[in-house]
Every structure is written in structure tokens, then in C-alpha cells.
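What follows is target_15.cif (mmCIF, C-alpha atoms).
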```
data_query
loop_
_atom_site.group_PDB
_atom_site.id
_atom_site.type_symbol
_atom_site.label_atom_id
_atom_site.label_comp_id
_atom_site.auth_asym_id
_atom_site.auth_seq_id
_atom_site.Cartn_x
_atom_site.Cartn_y
_atom_site.Cartn_z
ATOM 1 C CA MET A 1 -4.109 7.524 8.430
ATOM 2 C CA ASN A 2 -2.353 5.339 10.963
ATOM 3 C CA ILE A 3 -0.093 2.971 9.035
ATOM 4 C CA VAL A 4 0.524 -0.446 10.556
ATOM 5 C CA ALA A 5 3.712 -2.284 9.604
ATOM 6 C CA PHE A 6 5.892 0.526 8.252
ATOM 7 C CA ARG A 7 8.781 -1.784 9.086
ATOM 8 C CA THR A 8 7.599 -4.044 6.252
ATOM 9 C CA LEU A 9 8.087 -1.168 3.815
ATOM 10 C CA ARG A 10 11.461 -0.234 5.268
ATOM 11 C CA VAL A 11 12.820 -3.774 5.090
ATOM 12 C CA PHE A 12 11.617 -4.017 1.492
ATOM 13 C CA TYR A 13 13.099 -0.750 0.264
ATOM 14 C CA GLU A 14 16.392 -1.478 1.984
ATOM 15 C CA LYS A 15 16.630 -4.550 -0.273
ATOM 16 C CA HIS A 16 15.130 -2.803 -3.323
ATOM 17 C CA GLU A 17 16.681 0.653 -3.158
ATOM 18 C CA ASP A 18 15.283 1.606 -6.565
ATOM 19 C CA CYS A 19 11.826 2.028 -5.008
ATOM 20 C CA ALA A 20 12.831 3.638 -1.686
ATOM 21 C CA ALA A 21 11.867 7.168 -2.729
ATOM 22 C CA GLN A 22 8.464 6.081 -4.033
ATOM 23 C CA LEU A 23 7.617 4.055 -0.919
ATOM 24 C CA LYS A 24 8.724 6.860 1.391
ATOM 25 C CA THR A 25 6.589 9.303 -0.602
ATOM 26 C CA TRP A 26 3.598 6.956 -0.451
ATOM 27 C CA TYR A 27 4.055 6.611 3.317
ATOM 28 C CA ARG A 28 4.288 10.367 3.948
ATOM 29 C CA LYS A 29 1.216 10.991 1.808
ATOM 30 C CA ALA A 30 -0.770 8.188 3.465
ATOM 31 C CA VAL A 31 0.099 9.324 7.004
ATOM 32 C CA SER A 32 -1.106 12.827 6.264
ATOM 33 C CA ALA A 33 -4.186 11.681 4.323
ATOM 34 C CA ASN A 34 -7.713 11.622 5.645
ATOM 35 C CA TRP A 35 -9.056 8.961 3.316
ATOM 36 C CA LYS A 36 -12.641 8.097 4.195
ATOM 37 C CA SER A 37 -13.422 5.927 1.179
ATOM 38 C CA PRO A 38 -11.812 4.175 -1.777
ATOM 39 C CA GLN A 39 -12.874 7.144 -3.903
ATOM 40 C CA ASP A 40 -10.666 9.422 -1.790
ATOM 41 C CA ILE A 41 -7.699 7.162 -2.540
ATOM 42 C CA LYS A 42 -8.529 7.115 -6.251
ATOM 43 C CA THR A 43 -8.428 10.921 -6.223
ATOM 44 C CA ASP A 44 -4.821 10.818 -5.000
ATOM 45 C CA TYR A 45 -3.835 7.596 -6.791
ATOM 46 C CA PRO A 46 -5.901 7.152 -9.970
ATOM 47 C CA SER A 47 -4.016 3.980 -10.951
ATOM 48 C CA ALA A 48 -4.767 2.246 -7.630
ATOM 49 C CA SER A 49 -6.951 -0.850 -7.863
ATOM 50 C CA ILE A 50 -9.804 -1.149 -5.393
ATOM 51 C CA LEU A 51 -10.432 -4.721 -4.223
ATOM 52 C CA GLU A 52 -12.945 -6.389 -1.925
ATOM 53 C CA ASP A 53 -12.610 -6.204 1.843
ATOM 54 C CA ASN A 54 -11.294 -2.616 1.793
ATOM 55 C CA ARG A 55 -8.036 -3.581 0.109
ATOM 56 C CA VAL A 56 -6.222 -1.332 -2.328
ATOM 57 C CA VAL A 57 -3.362 -2.202 -4.664
ATOM 58 C CA PHE A 58 -0.919 0.620 -5.346
ATOM 59 C CA ASN A 59 1.469 0.546 -8.284
ATOM 60 C CA ILE A 60 4.947 1.518 -7.169
ATOM 61 C CA LYS A 61 7.731 2.687 -9.487
ATOM 62 C CA GLY A 62 5.870 2.437 -12.744
ATOM 63 C CA ASN A 63 4.162 -0.813 -11.773
ATOM 64 C CA GLU A 64 7.442 -2.662 -11.108
ATOM 65 C CA TYR A 65 6.258 -3.210 -7.550
ATOM 66 C CA ARG A 66 2.868 -3.702 -5.948
ATOM 67 C CA LEU A 67 1.730 -2.596 -2.510
ATOM 68 C CA ILE A 68 -1.445 -4.030 -0.975
ATOM 69 C CA VAL A 69 -2.990 -2.143 1.905
ATOM 70 C CA LYS A 70 -6.126 -3.007 3.869
ATOM 71 C CA PHE A 71 -8.026 0.010 5.200
ATOM 72 C CA ASN A 72 -10.422 0.696 8.016
ATOM 73 C CA TYR A 73 -11.716 4.048 6.835
ATOM 74 C CA HIS A 74 -13.897 4.645 9.889
ATOM 75 C CA TYR A 75 -10.977 4.459 12.341
ATOM 76 C CA GLY A 76 -8.298 5.770 9.976
ATOM 77 C CA TRP A 77 -6.117 2.657 10.017
ATOM 78 C CA ALA A 78 -4.170 1.099 7.164
ATOM 79 C CA TRP A 79 -2.394 -2.259 7.313
ATOM 80 C CA ILE A 80 0.411 -3.122 4.926
ATOM 81 C CA ARG A 81 -0.538 -6.590 3.699
ATOM 82 C CA PHE A 82 2.009 -7.107 0.912
ATOM 83 C CA ILE A 83 4.844 -5.393 -0.898
ATOM 84 C CA GLY A 84 6.653 -7.151 -3.706
ATOM 85 C CA THR A 85 7.612 -7.263 -7.328
ATOM 86 C CA HIS A 86 4.982 -7.539 -10.007
ATOM 87 C CA ALA A 87 6.015 -11.189 -10.517
ATOM 88 C CA GLN A 88 5.611 -11.932 -6.796
ATOM 89 C CA TYR A 89 2.220 -10.208 -6.816
ATOM 90 C CA ASP A 90 1.063 -12.468 -9.631
ATOM 91 C CA LYS A 91 1.667 -15.502 -7.382
ATOM 92 C CA ILE A 92 -0.517 -14.376 -4.454
ATOM 93 C CA ASP A 93 -4.209 -13.852 -3.872
ATOM 94 C CA ALA A 94 -4.514 -10.124 -3.231
ATOM 95 C CA LYS A 95 -8.009 -10.599 -1.806
ATOM 96 C CA THR A 96 -6.872 -12.801 1.072
ATOM 97 C CA ILE A 97 -3.257 -11.940 1.866
#
```
Once more with this new file: its structure as C-alpha cells, please.
Amino acid sequence: MNIVAFRTLRVFYEKHEDCAAQLKTWYRKAVSANWKSPQDIKTDYPSASILEDNRVVFNIKGNEYRLIVKFNYHYGWAWIRFIGTHAQYDKIDAKTI
């Protein structure tokens, strides 16, 4: 997958060092993945939540943090839409961010 906005992840984990390893691992796995459907993601990340509009919510560091990614499976692109604490996630609309 081609990941758009890695900088967003980097800026976040520089401020929240406790999740740096998990976000770096997610990034490496996503870049090397060939996900063609939400089911492919669920195989690798069973706790991921599949939303409308090809969005997926990943639980990071035991669900302390949430990562929302929008996918274009056909072209192999993934856009980082949100990364934040669980409390911050509760204040946004994951379907439109």
C-alpha cells in the first residue's frame, strides 16, 4: 500500500512516544501489505473496525490510541485521516474526518 501522510504519524508519535513502536510497526506492515478488501485487513488486524466509505479504525497500543485510515483498494492507496487518543476519537465523526 502507498501510505499518504506518514508525517502525521511521525509528528504524533514524537509527542506520544509510548506508541511509537506500534505506529512504526503498523506503517511497515501496511506498506508491505497488498490489501484488496476490508477482509484482508481484518485478517491482519482482527480488532480493526470497518466503517463506511472504505475507512478502517485501528486500535493502537491496547486501544489507548485510534488510527483512522481511508483506503482505495483498487489503486493501493491509504490516507491517514486521524490519529489520536481514545478520548479525542470519541469527539470526532470517524465517518467524515
Quiz item: Using only C-alpha atoms, which residue out of A:Lys61, A:Tyr75, A:Asn34, A:Asp53 lies closest to Ile97 of chain A?
Solution: A:Asp53
Quiz item: Between atom CA of Asp40 of chain A and atom CA of His16 of chain A, what is the spacing in Å?
Solution: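 One can read the atom CA of His16 of chain A to atom CA of Asp40 of chain A distance as 28.6 Å.
Evaluated on this file, the PyMOL selection byres ((chain A and resi 35) around 12) matches A:Met1, A:Asn2, A:Lys29, A:Ala30, A:Val31, A:Ser32, A:Ala33, A:Asn34, A:Lys36, A:Ser37, A:Pro38, A:Gln39, A:Asp40, A:Ile41, A:Lys42, A:Thr43, A:Asp44, A:Tyr45, A:Asn54, A:Phe71, A:Asn72, A:Tyr73, A:His74, A:Tyr75, A:Gly76, A:Trp77, A:Ala78.
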Quiz item: Counting only C-alpha atoms, which of A:Glu64, A:Asp18, A:Arg55, A:Val11 gets nearest to Arg81 of chain A?
Solution: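 Between A:Glu64, A:Asp18, A:Arg55, A:Val11, the residue approaching Arg81 of chain A most closely is A:Arg55.
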Quiz item: What gap, in Å, lies between atom CA of Lys91 of chain A and atom CA of Arg28 of chain A?
Solution: 28.4 Å
May I ask you to restore N, CA, C and O atoms in segment 63-82 of chain A and write the result as a compact mmCIF listing (two decimals), in the coordinates of the input?
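Dumped everything to result.txt:
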```txt
# COMPACT_ATOMS: atom_id res chain seq x y z
N ASN A 63 4.76 0.52 -11.80
CA ASN A 63 4.16 -0.81 -11.77
C ASN A 63 5.19 -1.93 -11.68
O ASN A 63 4.87 -3.09 -11.90
N GLU A 64 6.45 -1.61 -11.35
CA GLU A 64 7.44 -2.66 -11.11
C GLU A 64 7.15 -3.39 -9.80
O GLU A 64 7.49 -4.56 -9.65
N TYR A 65 6.56 -2.66 -8.86
CA TYR A 65 6.26 -3.21 -7.55
C TYR A 65 4.79 -2.97 -7.24
O TYR A 65 4.17 -2.05 -7.75
N ARG A 66 4.26 -3.84 -6.37
CA ARG A 66 2.87 -3.70 -5.95
C ARG A 66 2.81 -3.64 -4.43
O ARG A 66 3.51 -4.38 -3.75
N LEU A 67 1.95 -2.78 -3.94
CA LEU A 67 1.73 -2.60 -2.51
C LEU A 67 0.25 -2.82 -2.25
O LEU A 67 -0.60 -2.17 -2.85
N ILE A 68 -0.06 -3.77 -1.35
CA ILE A 68 -1.44 -4.03 -0.98
C ILE A 68 -1.65 -3.53 0.44
O ILE A 68 -0.89 -3.88 1.35
N VAL A 69 -2.68 -2.72 0.60
CA VAL A 69 -2.99 -2.14 1.90
C VAL A 69 -4.47 -2.40 2.21
O VAL A 69 -5.32 -2.22 1.33
N LYS A 70 -4.74 -2.82 3.43
CA LYS A 70 -6.13 -3.01 3.87
C LYS A 70 -6.49 -1.83 4.77
O LYS A 70 -5.75 -1.49 5.69
N PHE A 71 -7.62 -1.20 4.50
CA PHE A 71 -8.03 0.01 5.20
C PHE A 71 -9.23 -0.21 6.10
O PHE A 71 -10.13 -0.99 5.78
N ASN A 72 -9.23 0.50 7.21
CA ASN A 72 -10.42 0.70 8.02
C ASN A 72 -10.65 2.20 7.97
O ASN A 72 -10.01 2.95 8.72
N TYR A 73 -11.50 2.62 7.08
CA TYR A 73 -11.72 4.05 6.84
C TYR A 73 -12.33 4.75 8.05
O TYR A 73 -12.00 5.88 8.35
N HIS A 74 -13.21 4.05 8.74
CA HIS A 74 -13.90 4.64 9.89
C HIS A 74 -12.91 5.06 10.99
O HIS A 74 -13.01 6.13 11.56
N TYR A 75 -11.94 4.18 11.27
CA TYR A 75 -10.98 4.46 12.34
C TYR A 75 -9.67 5.08 11.84
O TYR A 75 -8.83 5.46 12.65
N GLY A 76 -9.50 5.16 10.52
CA GLY A 76 -8.30 5.77 9.98
C GLY A 76 -7.06 4.90 10.08
O GLY A 76 -5.96 5.40 10.28
N TRP A 77 -7.23 3.59 9.95
CA TRP A 77 -6.12 2.66 10.02
C TRP A 77 -5.86 2.03 8.66
O TRP A 77 -6.79 1.78 7.89
N ALA A 78 -4.57 1.75 8.41
CA ALA A 78 -4.17 1.10 7.16
C ALA A 78 -3.11 0.06 7.50
O ALA A 78 -2.11 0.37 8.16
N TRP A 79 -3.32 -1.17 7.05
CA TRP A 79 -2.39 -2.26 7.31
C TRP A 79 -1.68 -2.65 6.03
O TRP A 79 -2.33 -2.98 5.03
N ILE A 80 -0.37 -2.65 6.06
CA ILE A 80 0.41 -3.12 4.93
C ILE A 80 0.25 -4.64 4.89
O ILE A 80 0.63 -5.32 5.83
N ARG A 81 -0.30 -5.15 3.81
CA ARG A 81 -0.54 -6.59 3.70
C ARG A 81 0.50 -7.27 2.81
O ARG A 81 0.78 -8.45 2.98
N PHE A 82 1.05 -6.51 1.85
CA PHE A 82 2.01 -7.11 0.91
C PHE A 82 2.77 -5.99 0.21
O PHE A 82 2.20 -4.96 -0.13
```
